[in-house]
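**Q** Got a structure for you, questions after.
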Amino acid sequence: MTSFWTEENVKSTLPKRETSAHKGTYGTGLLLAGSEDMPGAALLSGLGAMRSGIGKLEIGTVEEVIPYVVPILPEATYLRNGLQKTAEDNVDLDKYKAIAAGPGLEPVEETEKAIHQLLKLDCPVLLDAGALSERSYKKRQSPVILTPHPGEFSKITGVDVKELQQNRPHLASVWAKKLGVTIVLKGNETICAFPNGEVWANPTGNSALAKGGTGDTLTGMMLGMLCCHKDWKHAVLNAVYLHGACADKWSEKRSAHTMLAHELTELLPEVWKRFE
Ligand code: APR
Ligand code: MG
């Protein structure tokens with residue numbers, strides 16, 4: 001039986017915001033997200049990150065997307081055409097505390113080249129959506145975290161979706177060990193499988209999350225949490241837990257049919273407070 005990551009686990013591992021903290025205390029995160037046809041992904045994941053304890057956020061996105069994000073998230077700064085610059089090894093990425101890539105990115109050669117560069121760094125790297133592909137991972141000091149939904153898991157491993165859904169904890173764990181990465185297998189009872197064999201199931205969340213954009217929000221939240229947690233594993237588990245808890249909060253008073261992804265980040269401040 002796989003254990004659930006519980007309310008008590010969350011309460012004992014969420015970081016305090018230190019009295020003497022300044023924005024440098026929590027570090028700068030880089031988010032490579034958003035493209036011409038999927039500009040909203042940069043915004044959804046950006047909101048998730050900035051609501052989740054990060055010190056500073058830089059969004060690496062295409063020039064056209066920036067004017068859409070600024071009015072709603074004026075707190076972020078930009079690495080203009082960041083995916084291209086990363087793919088061309090044309091930017092210094094050493095200053096970032098953690099990096100997330102994938103929401104609203106196309107799985108094309110430029111993305112693959114950029115990921116190759118990210119994996120040379122020694123900060124936590126989170127890969128989602130367009131940044132997920134079938135590849136191997138060299139051993140590195142800092143974690144690599146993949147956040148596939150079942151279809152993406154199937155794409156990167158070749159495992160049939162039906163077979164996967166019948167044995168989620170086991171198969172997530174097998175592949176986390178095989179690839180040497182952390183796998184967050186999304187869906188009802190999201191599984192967090194670590195490369196050392198540790199596996200947790202998430203008890204929060206509901207079908208209000210079954211709508212485009214909620215995965216992008218999770219990626220952003222996890223980036224923010226990687227910046228403010230001391231233990232990166234706690235960041236992964238707490239991001240998944242609180243993301244689900246926001247949807248549960250929504251469903252207390254409102255229909256699960258009606259939630260929008262950006263509303264998760266509006267609920268997060270109150271939901272997070274309950275666990276502090
Ligand atoms: N119960 C609990 N949680 C759920 C449920 C459910 N029934 N359904 C979905 N979720 C959660 C997942 O666990 C995950 O955290 O909602 C989130 C959905 O994430 P994704 O599947 O990544 O969805 P998202 O990325 O927002 O969808 C947009 O993703 O695959 C790409 O291009 C594809 O357009 C799609 C895009
Ligand atoms: Mg997704």
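Chain lettering (A, B, ...) mirrors the order of the structure tokens, residue numbering begins at 1 for each chain separately, and ligand numbering begins at 1 in order of display.
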As a PyMOL selection string, which residues of stretch 78-117 of chain A does DSSP assign to alpha helix (DSSP H)?

**A** chain A and resi 82-87+109-117

**Q** Excluding stretch 82-89 of chain A and residues on its chain fewer than 6 positions from it, collect all residues at most 6 Å away from it, counting only C-alpha atoms, and give them as a PyMOL selection string.

**A** chain A and resi 60-61+110+113-114

**Q** Kindly export the residues of the current selection with N, CA and C atoms, as an mmCIF file, in the first residue's frame.

**A**
```cif
data_model
loop_
_atom_site.group_PDB
_atom_site.id
_atom_site.type_symbol
_atom_site.label_atom_id
_atom_site.label_comp_id
_atom_site.auth_asym_id
_atom_site.auth_seq_id
_atom_site.Cartn_x
_atom_site.Cartn_y
_atom_site.Cartn_z
ATOM 1 N N GLY A 60 10.916 33.219 -18.965
ATOM 2 C CA GLY A 60 11.549 33.141 -20.281
ATOM 3 C C GLY A 60 10.469 32.787 -21.278
ATOM 4 N N THR A 61 10.094 33.747 -22.099
ATOM 5 C CA THR A 61 9.013 33.480 -23.050
ATOM 6 C C THR A 61 9.228 34.295 -24.311
ATOM 7 N N GLU A 110 14.032 22.973 -30.698
ATOM 8 C CA GLU A 110 14.527 24.069 -29.859
ATOM 9 C C GLU A 110 14.288 23.767 -28.369
ATOM 10 N N LYS A 113 16.762 21.112 -27.242
ATOM 11 C CA LYS A 113 18.115 21.693 -27.058
ATOM 12 C C LYS A 113 18.192 22.495 -25.756
ATOM 13 N N ALA A 114 17.122 23.234 -25.469
ATOM 14 C CA ALA A 114 17.109 24.037 -24.242
ATOM 15 C C ALA A 114 17.154 23.122 -23.011
#
```

**Q** Identify, on the basis of only C-alpha atoms, every residue whose closest approach to A:Pro203 does not exceed 12 Å; exclude the query and any residue fewer than 3 positions from it along the same chain; express the result as a ChimeraX atom specification.

**A** /A:2-7,9-10,187-192,200,206,237-238,240-245,247-248

**Q** Return as a PyMOL selection string every polymer residue, whether protein, DNA or RNA, with at least one atom no more than 10 Å from an atom of ligand 1; count only C-alpha atoms and all ligand atoms.

**A** chain A and resi 38+41+44-45+102-106+128-130+132+147-152+184-191+202-219+239-241+243-244+247-248+261

**Q** Just give me the gap between atom CA of A:Gly197 and atom CA of A:Ser154 in Å, one decimal is fine.

**A**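 Separation of atom CA of A:Gly197 and atom CA of A:Ser154: 19.9 Å.
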
**Q** Under the rule that only C-alpha atoms are counted, which of A:Leu14, A:His257, A:Asp37, A:Gln166 is the nearest residue to A:Ser52?

**A**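 Comparing A:Leu14, A:His257, A:Asp37, A:Gln166 against A:Ser52, the winner is A:Leu14.
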
**Q** Could you tell me which of A:Lys139, A:Tyr78, A:Ala131, A:Val159 comes closest to ligand 2 if we count only C-alpha atoms and all ligand atoms?

**A**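 Nearest candidate to ligand 2 out of A:Lys139, A:Tyr78, A:Ala131, A:Val159: A:Ala131.
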
**Q** Out of A:Ile183, A:Leu47, A:Leu127, A:Leu268, which residue has the shortest atom-to-atom distance to ligand 2 when counting only C-alpha atoms and all ligand atoms?

**A** A:Leu127

**Q** Please compute the atom CA of A:Lys95-atom CA of A:Thr28 distance, one decimal, in Å.

**A**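 Between atom CA of A:Lys95 and atom CA of A:Thr28 the gap works out to 7.4 Å.
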
**Q** Identify, on the basis of only C-alpha atoms, every residue whose closest approach to A:Pro195 does not exceed 10 Å; exclude the query and any residue fewer than 6 positions from it along the same chain; express the result as a ChimeraX atom specification.

**A** /A:143-145,172-183

**Q** Among the residues of stretch 75-272 of chain A, find those DSSP assigns to strand (DSSP E) from the backbone and print them as a ChimeraX atom specification.

**A** /A:77-80,98-101,125-127,144-146,182-185,191-193,199-201
